[in-house]
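Visitor: I have a structure here, written as structure tokens, and I will follow up with some questions on it.
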Amino acid sequence: MATHLLTRTSDTGKPAVSPHPEIRLVQARLHEVCGPARRTFAIWLAGQMSGTVLWISPAWEPDRLNPEGMLPWVDPSRFLFVTPRRSEDLLWCMEEALRSGAVPLVVGDIPGLPGLTAVRRMHLAAETGAGLASSPEQAPLGMVLTPGDGGAQGIESRWHMTPMHKDRARRWRLERRRARTQPQKAWTMTREQGAQVELTPVRG
């Protein structure tokens with residue numbers, strides 16, 4: 001099934017970003033994405049949204065997003081990159097950005113798991129930012145990209161994405177491992193050159 005363009009739906013009274021009918025990320029909350037292709041998931045979601053994307057990652061991390069690799073998914077000019085030099089500033093930057101309500105998507109590409117207190121603070125900050133956003137549909141969405149299988153406590157949802165490429169076929173396995181209002185589920189995600197992303201449910 002081909003993905004639809006961005007729609008915004010209600011989940012317990014809150015707007016949500018929905019790049020596919022079965023994939024909904026509630027705004028004004030913090031979500032977690034883990035797995036080897038976690039950055040691909042974030043870039044895909046950014047491409048389904050509008051407005052500025054704030055991408056926060058450590059200054060000591062050598063890996064950086066490649067603009068040419070981003071182009072099939074999203075316009076790189078929409079991204080603002082922040083690279084704090086101290087580990088404690090990573091989550092602080094996320095919290096302040098969410099609280100401001102100035103950008104619709106705040107991504108923290110972090111080297112470990114945030115603590116429960118930090119997650120709760122970011123939820124509260126995102127809720128505050130939603131009240132300052134230009135409209136309810138522009139309420140900020142927070143996303144932490146965590147290594148391995150993730151496991152942050154208190155997040156709204158957890159997604160895992162891993163590549164399954166074969167020859168020229170670009171494929172991934174996408175899993176919804178945790179969500180407050182939706183069951184666990186897995187899809188095979190494919191993207192042909194110049195074509196939209198397609199998601200096929202994994203049976204069994």
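The way I read the labels, and the way they are meant: chains A, B, ... in the order of the structure tokens, residue 1 as the first residue of every chain, and ligand 1 as the first ligand shown, with later ones counted on from there.
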So that I can check the surroundings of Met143 of chain A, please list as a VMD selection string every protein, DNA and RNA residue that reaches within 7 Å of it, counting only C-alpha atoms and ignoring chain neighbours fewer than 3 positions away.

Guide: chain A and resid 30 to 32 106 to 108

Visitor: Neighbours of Ala139 of chain A within 10 Å (only C-alpha atoms; same-chain residues fewer than 3 positions away dropped), as a list in words?

Guide: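 That gives Lys14, Pro15, Ala16, Val26, Gln27, Ala28, Arg29, Leu98, Gly101, Ala102, Val103, Pro104, Leu105, Ala126, Glu127, Thr128, Gly129, Ala130, Gly131, Leu132, Ala133, Ser134, Ser135, Pro136 and Gly142 of chain A.
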
Visitor: Could you please take those selected residues and save N, CA, C and O atoms as an mmCIF file, in the first residue's frame?

Guide:
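Contents of part.cif, freshly written:
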```cif
data_model
loop_
_atom_site.group_PDB
_atom_site.id
_atom_site.type_symbol
_atom_site.label_atom_id
_atom_site.label_comp_id
_atom_site.auth_asym_id
_atom_site.auth_seq_id
_atom_site.Cartn_x
_atom_site.Cartn_y
_atom_site.Cartn_z
ATOM 1 N N LYS A 14 -5.349 14.995 20.559
ATOM 2 C CA LYS A 14 -4.138 15.685 20.120
ATOM 3 C C LYS A 14 -3.887 15.430 18.641
ATOM 4 O O LYS A 14 -4.116 14.329 18.145
ATOM 5 N N PRO A 15 -3.380 16.451 17.904
ATOM 6 C CA PRO A 15 -3.006 16.220 16.504
ATOM 7 C C PRO A 15 -1.877 15.206 16.412
ATOM 8 O O PRO A 15 -1.103 15.027 17.357
ATOM 9 N N ALA A 16 -1.780 14.544 15.279
ATOM 10 C CA ALA A 16 -0.732 13.554 15.071
ATOM 11 C C ALA A 16 -0.235 13.621 13.637
ATOM 12 O O ALA A 16 -0.993 13.918 12.721
ATOM 13 N N VAL A 26 1.850 11.061 17.681
ATOM 14 C CA VAL A 26 1.134 12.151 18.329
ATOM 15 C C VAL A 26 2.072 13.328 18.550
ATOM 16 O O VAL A 26 3.205 13.162 19.005
ATOM 17 N N GLN A 27 1.600 14.511 18.206
ATOM 18 C CA GLN A 27 2.395 15.725 18.420
ATOM 19 C C GLN A 27 2.332 16.143 19.895
ATOM 20 O O GLN A 27 1.524 15.640 20.672
ATOM 21 N N ALA A 28 3.218 17.067 20.239
ATOM 22 C CA ALA A 28 3.362 17.544 21.616
ATOM 23 C C ALA A 28 3.777 16.408 22.550
ATOM 24 O O ALA A 28 3.485 16.437 23.742
ATOM 25 N N ARG A 29 4.464 15.395 21.996
ATOM 26 C CA ARG A 29 4.971 14.267 22.764
ATOM 27 C C ARG A 29 6.360 13.890 22.236
ATOM 28 O O ARG A 29 6.779 14.336 21.164
ATOM 29 N N LEU A 98 11.668 22.281 22.016
ATOM 30 C CA LEU A 98 10.277 21.853 22.117
ATOM 31 C C LEU A 98 9.439 22.896 22.853
ATOM 32 O O LEU A 98 8.308 23.193 22.466
ATOM 33 N N GLY A 101 8.182 25.971 20.759
ATOM 34 C CA GLY A 101 7.132 25.810 19.754
ATOM 35 C C GLY A 101 7.497 26.407 18.411
ATOM 36 O O GLY A 101 6.623 26.610 17.559
ATOM 37 N N ALA A 102 8.790 26.694 18.193
ATOM 38 C CA ALA A 102 9.218 27.398 16.986
ATOM 39 C C ALA A 102 9.367 26.494 15.770
ATOM 40 O O ALA A 102 9.292 26.962 14.636
ATOM 41 N N VAL A 103 9.634 25.196 15.983
ATOM 42 C CA VAL A 103 9.811 24.274 14.863
ATOM 43 C C VAL A 103 8.910 23.058 15.070
ATOM 44 O O VAL A 103 8.708 22.619 16.210
ATOM 45 N N PRO A 104 8.370 22.483 13.996
ATOM 46 C CA PRO A 104 7.441 21.363 14.151
ATOM 47 C C PRO A 104 8.097 20.028 14.464
ATOM 48 O O PRO A 104 7.452 19.131 14.995
ATOM 49 N N LEU A 105 9.394 19.863 14.140
ATOM 50 C CA LEU A 105 10.070 18.589 14.366
ATOM 51 C C LEU A 105 11.436 18.833 14.992
ATOM 52 O O LEU A 105 12.278 19.531 14.421
ATOM 53 N N ALA A 126 7.148 19.957 25.273
ATOM 54 C CA ALA A 126 6.421 19.881 24.007
ATOM 55 C C ALA A 126 4.984 20.356 24.171
ATOM 56 O O ALA A 126 4.420 21.003 23.272
ATOM 57 N N GLU A 127 4.374 20.045 25.300
ATOM 58 C CA GLU A 127 3.014 20.519 25.557
ATOM 59 C C GLU A 127 2.983 22.036 25.681
ATOM 60 O O GLU A 127 2.063 22.694 25.187
ATOM 61 N N THR A 128 4.000 22.592 26.342
ATOM 62 C CA THR A 128 4.097 24.052 26.421
ATOM 63 C C THR A 128 4.289 24.653 25.034
ATOM 64 O O THR A 128 3.652 25.645 24.675
ATOM 65 N N GLY A 129 5.164 24.041 24.240
ATOM 66 C CA GLY A 129 5.402 24.518 22.883
ATOM 67 C C GLY A 129 4.176 24.455 22.009
ATOM 68 O O GLY A 129 3.985 25.300 21.126
ATOM 69 N N ALA A 130 3.320 23.464 22.250
ATOM 70 C CA ALA A 130 2.092 23.352 21.463
ATOM 71 C C ALA A 130 1.207 24.573 21.680
ATOM 72 O O ALA A 130 0.529 25.033 20.759
ATOM 73 N N GLY A 131 1.221 25.112 22.912
ATOM 74 C CA GLY A 131 0.428 26.307 23.183
ATOM 75 C C GLY A 131 0.995 27.562 22.558
ATOM 76 O O GLY A 131 0.270 28.551 22.393
ATOM 77 N N LEU A 132 2.279 27.537 22.198
ATOM 78 C CA LEU A 132 2.929 28.701 21.580
ATOM 79 C C LEU A 132 3.028 28.584 20.068
ATOM 80 O O LEU A 132 3.385 29.561 19.399
ATOM 81 N N ALA A 133 2.737 27.409 19.518
ATOM 82 C CA ALA A 133 2.829 27.205 18.068
ATOM 83 C C ALA A 133 1.789 28.057 17.343
ATOM 84 O O ALA A 133 0.789 28.481 17.929
ATOM 85 N N SER A 134 2.038 28.301 16.070
ATOM 86 C CA SER A 134 1.148 29.165 15.289
ATOM 87 C C SER A 134 -0.255 28.591 15.147
ATOM 88 O O SER A 134 -1.213 29.325 14.937
ATOM 89 N N SER A 135 -0.372 27.264 15.246
ATOM 90 C CA SER A 135 -1.675 26.603 15.182
ATOM 91 C C SER A 135 -1.541 25.242 15.845
ATOM 92 O O SER A 135 -0.421 24.731 15.996
ATOM 93 N N PRO A 136 -2.654 24.603 16.254
ATOM 94 C CA PRO A 136 -2.554 23.269 16.856
ATOM 95 C C PRO A 136 -1.876 22.255 15.947
ATOM 96 O O PRO A 136 -1.194 21.343 16.428
ATOM 97 N N GLY A 142 8.653 15.685 19.204
ATOM 98 C CA GLY A 142 10.010 15.365 19.604
ATOM 99 C C GLY A 142 10.354 13.922 19.277
ATOM 100 O O GLY A 142 9.517 13.035 19.412
#
```

Visitor: Would you work out the distance separating atom CA of Arg121 of chain A from atom CA of His20 of chain A, expressed in Å to one decimal?

Guide: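 So the two atoms, atom CA of Arg121 of chain A and atom CA of His20 of chain A, lie 28.6 Å apart.
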
Visitor: With distances taken over only C-alpha atoms, which of A:Thr40, A:Asp63, A:Cys34, A:Arg85 is nearest to Arg176 of chain A?

Guide: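 The shortest atom-to-atom distance to Arg176 of chain A comes from A:Cys34.
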
Visitor: Would you pick out the contacts of Gly115 of chain A at 9 Å or less, using only C-alpha atoms, so that residues sharing its chain but fewer than 6 positions from it are not included, and give the list as a PyMOL selection string?

Guide: chain A and resi 152-154
